[in-house]
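Visitor: Structure file query-v1.csv, CSV, C-alpha atoms, is pasted below:
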chain,number,residue,atom,x,y,z
Z,132,MET,CA,108.6,103.2,114.2
Z,133,TYR,CA,109.9,101.4,111.2
Z,134,ILE,CA,108.2,102.6,108.0
Z,135,ASP,CA,108.5,100.8,104.6
Z,136,LEU,CA,107.2,102.7,101.6
Z,137,ILE,CA,106.7,100.3,98.7
Z,138,VAL,CA,106.2,102.0,95.4
Z,139,VAL,CA,105.9,100.9,91.8
Z,140,GLY,CA,108.4,102.3,89.4
Z,141,LYS,CA,111.4,104.5,89.6
Z,142,LEU,CA,111.5,108.3,89.8
Z,143,LYS,CA,113.0,109.4,86.5
Z,144,GLU,CA,112.8,113.2,86.9
Z,145,ARG,CA,115.3,114.9,89.1
Z,146,HIS,CA,112.8,117.2,90.8
Z,147,TRP,CA,110.8,114.3,92.1
Z,148,ARG,CA,113.9,112.5,93.4
Z,149,GLU,CA,115.2,115.6,95.1
Z,150,ALA,CA,111.8,116.3,96.8
Z,151,CYS,CA,111.6,112.7,98.0
Z,152,SER,CA,115.2,112.8,99.2
Z,153,GLU,CA,114.6,115.9,101.2
Z,154,TYR,CA,111.6,114.4,103.1
Z,155,GLU,CA,113.4,111.1,103.6
Z,156,LYS,CA,116.2,113.0,105.2
Z,157,ARG,CA,113.8,115.0,107.4
Z,158,LEU,CA,111.9,111.8,108.4
Z,159,SER,CA,115.1,110.0,109.4
Z,160,ARG,CA,115.0,112.0,112.7
Z,161,TYR,CA,111.8,110.4,113.7
Z,162,HIS,CA,111.4,107.0,112.0
Z,163,ARG,CA,113.5,104.4,110.2
Z,164,LEU,CA,112.3,104.8,106.7
Z,165,ARG,CA,113.0,102.3,103.9
Z,166,LEU,CA,111.9,103.2,100.3
Z,167,ILE,CA,111.4,100.0,98.2
Z,168,ALA,CA,110.7,100.4,94.5
Z,169,VAL,CA,109.5,97.5,92.5
Z,170,ALA,CA,109.5,97.4,88.7
Z,171,ASP,CA,106.5,98.7,86.9
Z,172,GLU,CA,104.9,97.0,83.9
Z,173,LYS,CA,104.8,98.5,80.4
Z,174,ASP,CA,101.3,99.7,79.4
Z,175,PRO,CA,99.6,97.0,77.4
Z,176,PRO,CA,98.8,97.9,73.8
Z,177,ASP,CA,95.3,96.7,74.5
Z,178,GLN,CA,93.9,99.1,77.2
Z,179,SER,CA,91.0,96.8,78.1
Z,180,ALA,CA,90.1,96.3,81.8
Z,181,LYS,CA,91.4,92.7,81.6
Z,182,ALA,CA,94.8,93.8,80.2
Z,183,ILE,CA,95.2,96.5,82.8
Z,184,GLY,CA,94.1,94.1,85.5
Z,185,GLN,CA,96.9,91.7,84.4
Z,186,VAL,CA,99.4,94.6,84.7
Z,187,CYS,CA,98.2,95.3,88.3
Z,188,GLN,CA,98.5,91.6,89.1
Z,189,ARG,CA,102.1,91.4,88.0
Z,190,GLU,CA,103.0,94.5,89.9
Z,191,GLY,CA,101.1,93.2,92.9
Z,192,LEU,CA,103.2,90.0,92.9
Z,193,ARG,CA,106.3,92.1,93.1
Z,194,ILE,CA,104.9,94.2,95.9
Z,195,LYS,CA,103.8,91.2,97.9
Z,196,GLU,CA,107.4,89.8,97.8
Z,197,LYS,CA,108.6,93.0,99.5
Z,198,ILE,CA,106.1,93.2,102.4
Z,199,ALA,CA,107.8,92.3,105.6
Z,200,PRO,CA,106.1,89.8,107.9
Z,201,HIS,CA,104.2,91.2,110.9
Z,202,THR,CA,103.8,94.7,109.5
Z,203,TYR,CA,100.7,96.9,109.4
Z,204,VAL,CA,99.9,97.5,105.8
Z,205,ILE,CA,98.3,100.6,104.5
Z,206,ALA,CA,97.5,100.7,100.7
Z,207,LEU,CA,96.8,104.0,99.0
Z,208,ALA,CA,93.5,103.8,97.2
Z,209,VAL,CA,90.9,106.3,96.1
Z,210,ASP,CA,88.2,104.6,98.1
Z,211,GLY,CA,90.3,104.6,101.3
Z,212,LYS,CA,89.8,106.4,104.6
Z,213,ARG,CA,90.6,110.1,104.7
Z,214,TYR,CA,92.3,111.9,107.5
Z,215,SER,CA,93.2,115.4,108.4
Z,216,SER,CA,96.9,115.9,109.1
Z,217,GLU,CA,96.1,116.0,112.9
Z,218,THR,CA,94.0,112.8,112.8
Z,219,PHE,CA,96.5,111.0,110.6
Z,220,ALA,CA,99.2,111.9,113.1
Z,221,ARG,CA,97.0,110.6,116.0
Z,222,HIS,CA,96.2,107.4,114.0
Z,223,LEU,CA,100.0,106.7,113.5
Z,224,ALA,CA,100.6,107.3,117.2
Z,225,ASP,CA,97.7,105.0,118.1
Z,226,LEU,CA,99.0,102.3,115.8
Z,227,ASP,CA,102.5,102.6,117.5
Z,228,GLY,CA,100.9,102.5,120.9
Z,229,ARG,CA,99.0,99.3,120.0
Z,230,GLY,CA,102.2,97.6,119.1
Z,231,HIS,CA,102.3,98.2,115.4
Z,232,THR,CA,105.9,99.3,115.3
Z,233,HIS,CA,106.4,98.4,111.7
Z,234,LEU,CA,104.3,100.1,109.1
Z,235,THR,CA,104.2,99.5,105.4
Z,236,LEU,CA,102.6,102.0,103.0
Z,237,ILE,CA,102.0,101.0,99.4
Z,238,ILE,CA,101.6,103.3,96.3
Z,239,GLY,CA,100.6,101.5,93.2
Z,240,GLY,CA,101.6,102.3,89.6
Z,241,SER,CA,99.7,104.3,87.0
Z,242,HIS,CA,96.8,101.8,87.1
Z,243,GLY,CA,96.6,101.5,90.8
Z,244,LEU,CA,96.9,98.4,93.0
Z,245,SER,CA,95.8,94.8,92.4
Z,246,ASP,CA,92.7,93.5,94.2
Z,247,ASP,CA,95.0,91.1,96.0
Z,248,ILE,CA,97.1,93.9,97.6
Z,249,LEU,CA,94.0,95.9,98.4
Z,250,GLN,CA,92.4,92.9,100.1
Z,251,MET,CA,95.4,92.0,102.2
Z,252,ALA,CA,96.0,95.6,103.4
Z,253,ASP,CA,95.0,96.3,107.0
Z,254,GLU,CA,93.5,99.6,105.8
Z,255,LYS,CA,93.2,101.8,102.7
Z,256,LEU,CA,94.2,105.4,102.8
Z,257,SER,CA,93.0,108.1,100.4
Z,258,PHE,CA,94.2,111.7,100.1
Z,259,SER,CA,91.5,112.9,97.6
Z,260,ASP,CA,89.1,112.0,94.9
Z,261,PHE,CA,91.6,113.5,92.5
Z,262,THR,CA,94.0,111.3,90.6
Z,263,PHE,CA,97.6,112.2,91.2
Z,264,PRO,CA,100.7,111.0,89.3
Z,265,HIS,CA,102.3,108.3,91.5
Z,266,GLN,CA,105.5,110.3,91.5
Z,267,LEU,CA,103.8,113.3,93.1
Z,268,MET,CA,101.9,111.0,95.5
Z,269,ARG,CA,105.3,109.8,96.9
Z,270,VAL,CA,106.2,113.4,97.7
Z,271,ILE,CA,102.8,114.1,99.2
Z,272,LEU,CA,102.9,110.9,101.4
Z,273,LEU,CA,106.4,111.5,102.6
Z,274,GLU,CA,105.5,115.1,103.4
Z,275,GLN,CA,102.4,114.0,105.4
Z,276,LEU,CA,104.5,111.4,107.3
Z,277,TYR,CA,107.0,114.1,108.2
Z,278,ARG,CA,104.2,116.4,109.2
Z,279,ALA,CA,102.6,113.7,111.4
Z,280,ALA,CA,106.0,113.0,113.0
Z,281,ARG,CA,106.4,116.7,113.9
Z,282,ILE,CA,102.9,116.9,115.2
Z,283,ASN,CA,103.4,113.8,117.4
Z,284,ALA,CA,106.7,115.1,118.7
Z,285,GLY,CA,104.9,118.4,119.7
Z,286,GLU,CA,107.1,120.4,117.3
Z,287,PRO,CA,105.9,123.3,115.3
Z,288,TYR,CA,105.3,122.6,111.6
Z,289,HIS,CA,101.6,122.1,111.1
Z,290,LYS,CA,99.8,125.3,110.1
Once more with this new file: its structure as structure tokens, please.
Guide:
Amino acid sequence: MYIDLIVVGKLKERHWREACSEYEKRLSRYHRLRLIAVADEKDPPDQSAKAIGQVCQREGLRIKEKIAPHTYVIALAVDGKRYSSETFARHLADLDGRGHTHLTLIIGGSHGLSDDILQMADEKLSFSDFTFPHQLMRVILLEQLYRAARINAGEPYHK
């Protein structure tokens, strides 16, 4: 399976980069992973809902440009569907079995994703009601993709 991970912003801290790099390396045994970072917007001085919405819109346009045609799109969102590790693994295997061999997962910036991106996604995925820094979310998502790959390959990892 081809997996694109589209994220907003660059990882500035070395520990986040190293953690992501480790899971990218591990995942390469199972999937073709491509990490695509788009530029994030500076926080507006006016933190109104309208100003934040405009930030999300501009980031959303950058994201949209990077989404490959004919890919199954999963946007990370608080109101998305939740899976256990096992059911997430089965869901990915099911998508692959139904011919969705190219998967795109999207992590928004600090203000989330634009409505346009959320509406165009084939599904929304949530890990928790908690709010996580988007840098940490990259690590969590990569780890869960790796865990799912190991589960689907029948290899020990999940505990």
Visitor: So how far away is atom CA of Z:Ala199 from atom CA of Z:Ile238, in Å?
Guide: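 We find that atom CA of Z:Ile238 and atom CA of Z:Ala199 lie 15.7 Å from each other.
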Visitor: How many Å separate atom CA of Z:Phe219 from atom CA of Z:Ile205?
Guide: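 Straight-line distance from atom CA of Z:Phe219 to atom CA of Z:Ile205 works out to 12.2 Å.
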Visitor: Ranking Z:Thr235, Z:Ser215, Z:Asn283, Z:Ser257 by minimum distance to Z:Ile137 and counting all atoms listed in the file, which one comes first?
Guide: Z:Thr235
Visitor: Which of these, Z:Pro176, Z:Glu196, Z:Met132, Z:His265, has the shortest distance to Z:Asp225 once you count all atoms listed in the file?
Guide: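 Of Z:Pro176, Z:Glu196, Z:Met132, Z:His265, the one nearest Z:Asp225, counting all atoms listed in the file, is Z:Met132.
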Visitor: Between Z:Leu142, Z:Glu286, Z:Arg193, Z:Arg281, which is the closest to Z:Tyr161 once you count all atoms listed in the file?
Guide: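 Going through Z:Leu142, Z:Glu286, Z:Arg193, Z:Arg281 one by one, the smallest distance to Z:Tyr161 is for Z:Arg281.
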Visitor: Could you check how far atom CA of Z:Glu254 sits from atom CA of Z:Pro175, in Å to one decimal?
Guide: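 Going from atom CA of Z:Glu254 over to atom CA of Z:Pro175 covers 29.2 Å.
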Visitor: Write out, as CSV, each residue of stretch 208-287 of chain Z that has an atom at most 9 Å from stretch 162-173 of chain Z, together with the closest pair of atoms and their distance in Å to one decimal, counting all atoms listed in the file, rows going by chain and rising number.
Guide:
residue,atom,partner,partner_atom,distance
Z:Gly240,CA,Z:Asp171,CA,6.7
Z:Ser241,CA,Z:Asp171,CA,8.8
Z:Ala280,CA,Z:His162,CA,8.1
